[in-house]
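One structure is given here, and the rest of the page talks about it.
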Amino acid sequence: MPRVYNFSAGPAALPQSVLEQVRDELLDWQGVGASVMEISHRGKPFMEVAERAEADLRELMAIPAGYQVLFLAGGAQTQFSMLPLNLLDGRESADYVITGHWSEVARKEGERYCRTNIAASGEDSGFAAIPDTAGWQCDPQAAYLHYTPNETIHGVAFDGVPEIDNATLVADMTSSILSEPVDVSRFGVIYAGAQKNIGPAGLTVVIVRGDLLGRAAPQTPKVYDYRRQAEVGSMANTPPTFAWYVSGLVFRWLKEQGGLAAMAAVNRRKADKLYRTIDESGGFYRNPVDPPYRSRMNVPFTLADPSLDETFLREAESSGFYALKGHRAMGGMRASIYNAMPEAGVDALVDFMKHFHSNKG
Ligand SMILES: *Cc1c(COP(=O)(O)O)cnc(C)c1O
């Protein structure tokens, strides 16, 4: 059975070798005679999986010792609530930087718990650029500043970590974590739903600076309390064990690939090839984002003649390119090219796009 090149935004492609290992040990995991899905999360065999995954993630991201790494159930949007519950600590406001769909959804959820100050917004540019930090209007009383380094739907991304005064910088890295090295020490909290660039859906990785633990509001559900989860190894209740195990295999795969610097180099090449094809098409294909802010993970593009969209998508699918349809908010197409998308997949897509252009242009 042939596998397609999968450009899904999320849940997204996983490395083939990881899926093969999962398949090979699905029924009898490490001689236990049962699947890793079927064993206790508290037994020694699974505890080893959990610890190895954390150790590998710490090594990959060079996470400083003063940070806790949590493997929690729920999605990125669960963190939209957990952040204010854990970080407000009696304060009444938080800063949010709005750069597209997800940062605004995060702010709206935050608004249920506190006053959210829009420190900056890219809305005026149609989210085609990241507002310059020099113009950000931060609230000196804000408990934290939340931003989204890579906007999955708008395809717009920060170029580097913003320099701001707030000591508690919070980043939703759902669609960019592990795509390049990042200086974790700059952040209070980094979180990422697993289903884009880590592993299967149902798991969220939260990296939280130690001094931020123990501040949860009294009504915080036990399983939402960062300190409680840190104390019990993310096992305040049953964690998503299968997703945790698969994510651990992905971490090992990333180490085999040479780590995040090596991934960043490949990711940059992949994105450059795609944007060059778009930009050199003489307007046949278009991407609306200012070049310095273009995402290297999610590449939205439109056709000058949208009546060709359906034909493009149909022909792409029959040529083995899966899930290129754009988000409904943006229309057109979107190619998500996370770590697991091989460069050969991008090369093949570029060939297809050039071919389609010369046939229909
Ligand atoms: C996909 C996505 C989300 C939503 O994730 P869920 O796990 O479905 O809650 C949030 N933020 C970003 C940046 C995303 O890409």
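Residue numbering restarts at 1 for every chain of the structure tokens, chains are lettered A, B, ... in their displayed order, and ligands are numbered from 1 as they appear.
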Selection: 8 Å around A:Asn339, only C-alpha atoms, excl. self and same-chain fewer than 6 positions, as number ranges by chain: A: 178-179, 197, 263, 267
Which of stretch 2-82 of chain A DSSP labels strand (DSSP E or B), written as number ranges by chain: A: 5-6, 67-73
Nearest-residue call for A:Ile337, choices A:Glu123, A:Asp89, A:Asp272, A:Asp183, using only C-alpha atoms: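 Selected residue with least distance to A:Ile337: A:Asp272.
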For stretch 222-232 of chain A: contacts at 7 Å, only C-alpha atoms, fewer than 5 positions along chain excluded, given as JSON, numbers by chain: {"A": [68, 70, 82, 86, 213, 214, 216, 237]}
Residue nearest A:Ala65 - candidates A:Leu324, A:Ala261, A:Val208, A:Met235, atoms counted: only C-alpha atoms: A:Val208
Per-residue nearest contacts chain A to ligand 1, cut-off 9 Å, using only C-alpha atoms and all ligand atoms, as a tab-separated table:
residue	atom	partner	partner_atom_place_in_ligand_line	distance
A:Ala9	CA	ligand 1	1 (C)	7.7
A:Gly10	CA	ligand 1	1 (C)	6.5
A:Pro11	CA	ligand 1	1 (C)	8.3
A:Gly74	CA	ligand 1	7 (O)	6.8
A:Gly75	CA	ligand 1	7 (O)	3.2
A:Ala76	CA	ligand 1	9 (O)	3.9
A:Gln77	CA	ligand 1	9 (O)	3.6
A:Thr78	CA	ligand 1	9 (O)	6.2
A:Gln79	CA	ligand 1	9 (O)	8.0
A:Phe80	CA	ligand 1	9 (O)	8.5
A:His101	CA	ligand 1	13 (C)	8.4
A:Trp102	CA	ligand 1	11 (N)	5.1
A:Ser103	CA	ligand 1	11 (N)	7.3
A:Val105	CA	ligand 1	10 (C)	8.1
A:Ala106	CA	ligand 1	10 (C)	7.8
A:Thr148	CA	ligand 1	13 (C)	6.1
A:Pro149	CA	ligand 1	13 (C)	7.8
A:Asn150	CA	ligand 1	13 (C)	6.2
A:Glu151	CA	ligand 1	13 (C)	5.5
A:Thr152	CA	ligand 1	15 (O)	4.7
A:Ile153	CA	ligand 1	15 (O)	7.3
A:Asp172	CA	ligand 1	13 (C)	5.7
A:Met173	CA	ligand 1	13 (C)	6.0
A:Thr174	CA	ligand 1	13 (C)	4.7
A:Ser175	CA	ligand 1	15 (O)	4.7
A:Ser176	CA	ligand 1	13 (C)	8.0
A:Ala192	CA	ligand 1	11 (N)	7.5
A:Gly193	CA	ligand 1	7 (O)	4.7
A:Ala194	CA	ligand 1	7 (O)	7.3
A:Gln195	CA	ligand 1	7 (O)	7.0
A:Lys196	CA	ligand 1	1 (C)	7.1
A:Ala201	CA	ligand 1	7 (O)	7.0
A:Gly202	CA	ligand 1	7 (O)	7.3
A:Leu203	CA	ligand 1	7 (O)	8.0
A:Thr204	CA	ligand 1	7 (O)	7.4
Atom-to-atom span, atom CA of A:Thr133 and atom CA of A:Arg296, Å: 21.0 Å
Long-range neighbours of A:Arg3 as number ranges by chain, 10 Å cut-off, only C-alpha atoms, 6 positions minimum in chain: A: 16, 320-322
Residues flagged alpha helix (DSSP H) by DSSP in stretch 61-245 of chain A, as a ChimeraX atom specification: /A:61,76-87,101-110,226-231,241-245
Of the listed residues A:Pro45, A:Tyr191, A:Ala129, A:Asp305, that which approaches A:Gly31 most closely, counting only C-alpha atoms: A:Pro45
For A:Asp309: contacts at 8 Å, only C-alpha atoms, fewer than 4 positions along chain excluded, given as a VMD selection string: chain A and resid 303 305 313 332 to 333
Atoms kept (N, CA and C atoms) for selection, written as an mmCIF file, in the first residue's frame:
data_model
loop_
_atom_site.group_PDB
_atom_site.id
_atom_site.type_symbol
_atom_site.label_atom_id
_atom_site.label_comp_id
_atom_site.auth_asym_id
_atom_site.auth_seq_id
_atom_site.Cartn_x
_atom_site.Cartn_y
_atom_site.Cartn_z
ATOM 1 N N LEU A 303 -4.435 30.480 -5.606
ATOM 2 C CA LEU A 303 -4.284 30.567 -7.053
ATOM 3 C C LEU A 303 -4.873 31.893 -7.506
ATOM 4 N N ASP A 305 -6.493 32.405 -9.990
ATOM 5 C CA ASP A 305 -7.847 32.065 -10.434
ATOM 6 C C ASP A 305 -8.422 30.991 -9.503
ATOM 7 N N LEU A 313 -6.675 20.715 -6.297
ATOM 8 C CA LEU A 313 -6.727 19.778 -5.166
ATOM 9 C C LEU A 313 -7.013 18.352 -5.630
ATOM 10 N N GLY A 332 -8.174 28.643 -0.497
ATOM 11 C CA GLY A 332 -6.984 28.220 -1.224
ATOM 12 C C GLY A 332 -6.373 26.949 -0.658
ATOM 13 N N MET A 333 -5.043 26.968 -0.614
ATOM 14 C CA MET A 333 -4.294 25.779 -0.234
ATOM 15 C C MET A 333 -3.396 26.067 0.962
#
Shell around A:Arg115 at 8 Å using only C-alpha atoms, local window under 5 positions removed, as number ranges by chain: A: 92-94, 110
Top pick for closest residue to A:Arg215, considering A:His146, A:Pro84, A:Ile198, A:Thr277 and counting only C-alpha atoms: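 Ranking A:His146, A:Pro84, A:Ile198, A:Thr277 by distance to A:Arg215, first place goes to A:Pro84.
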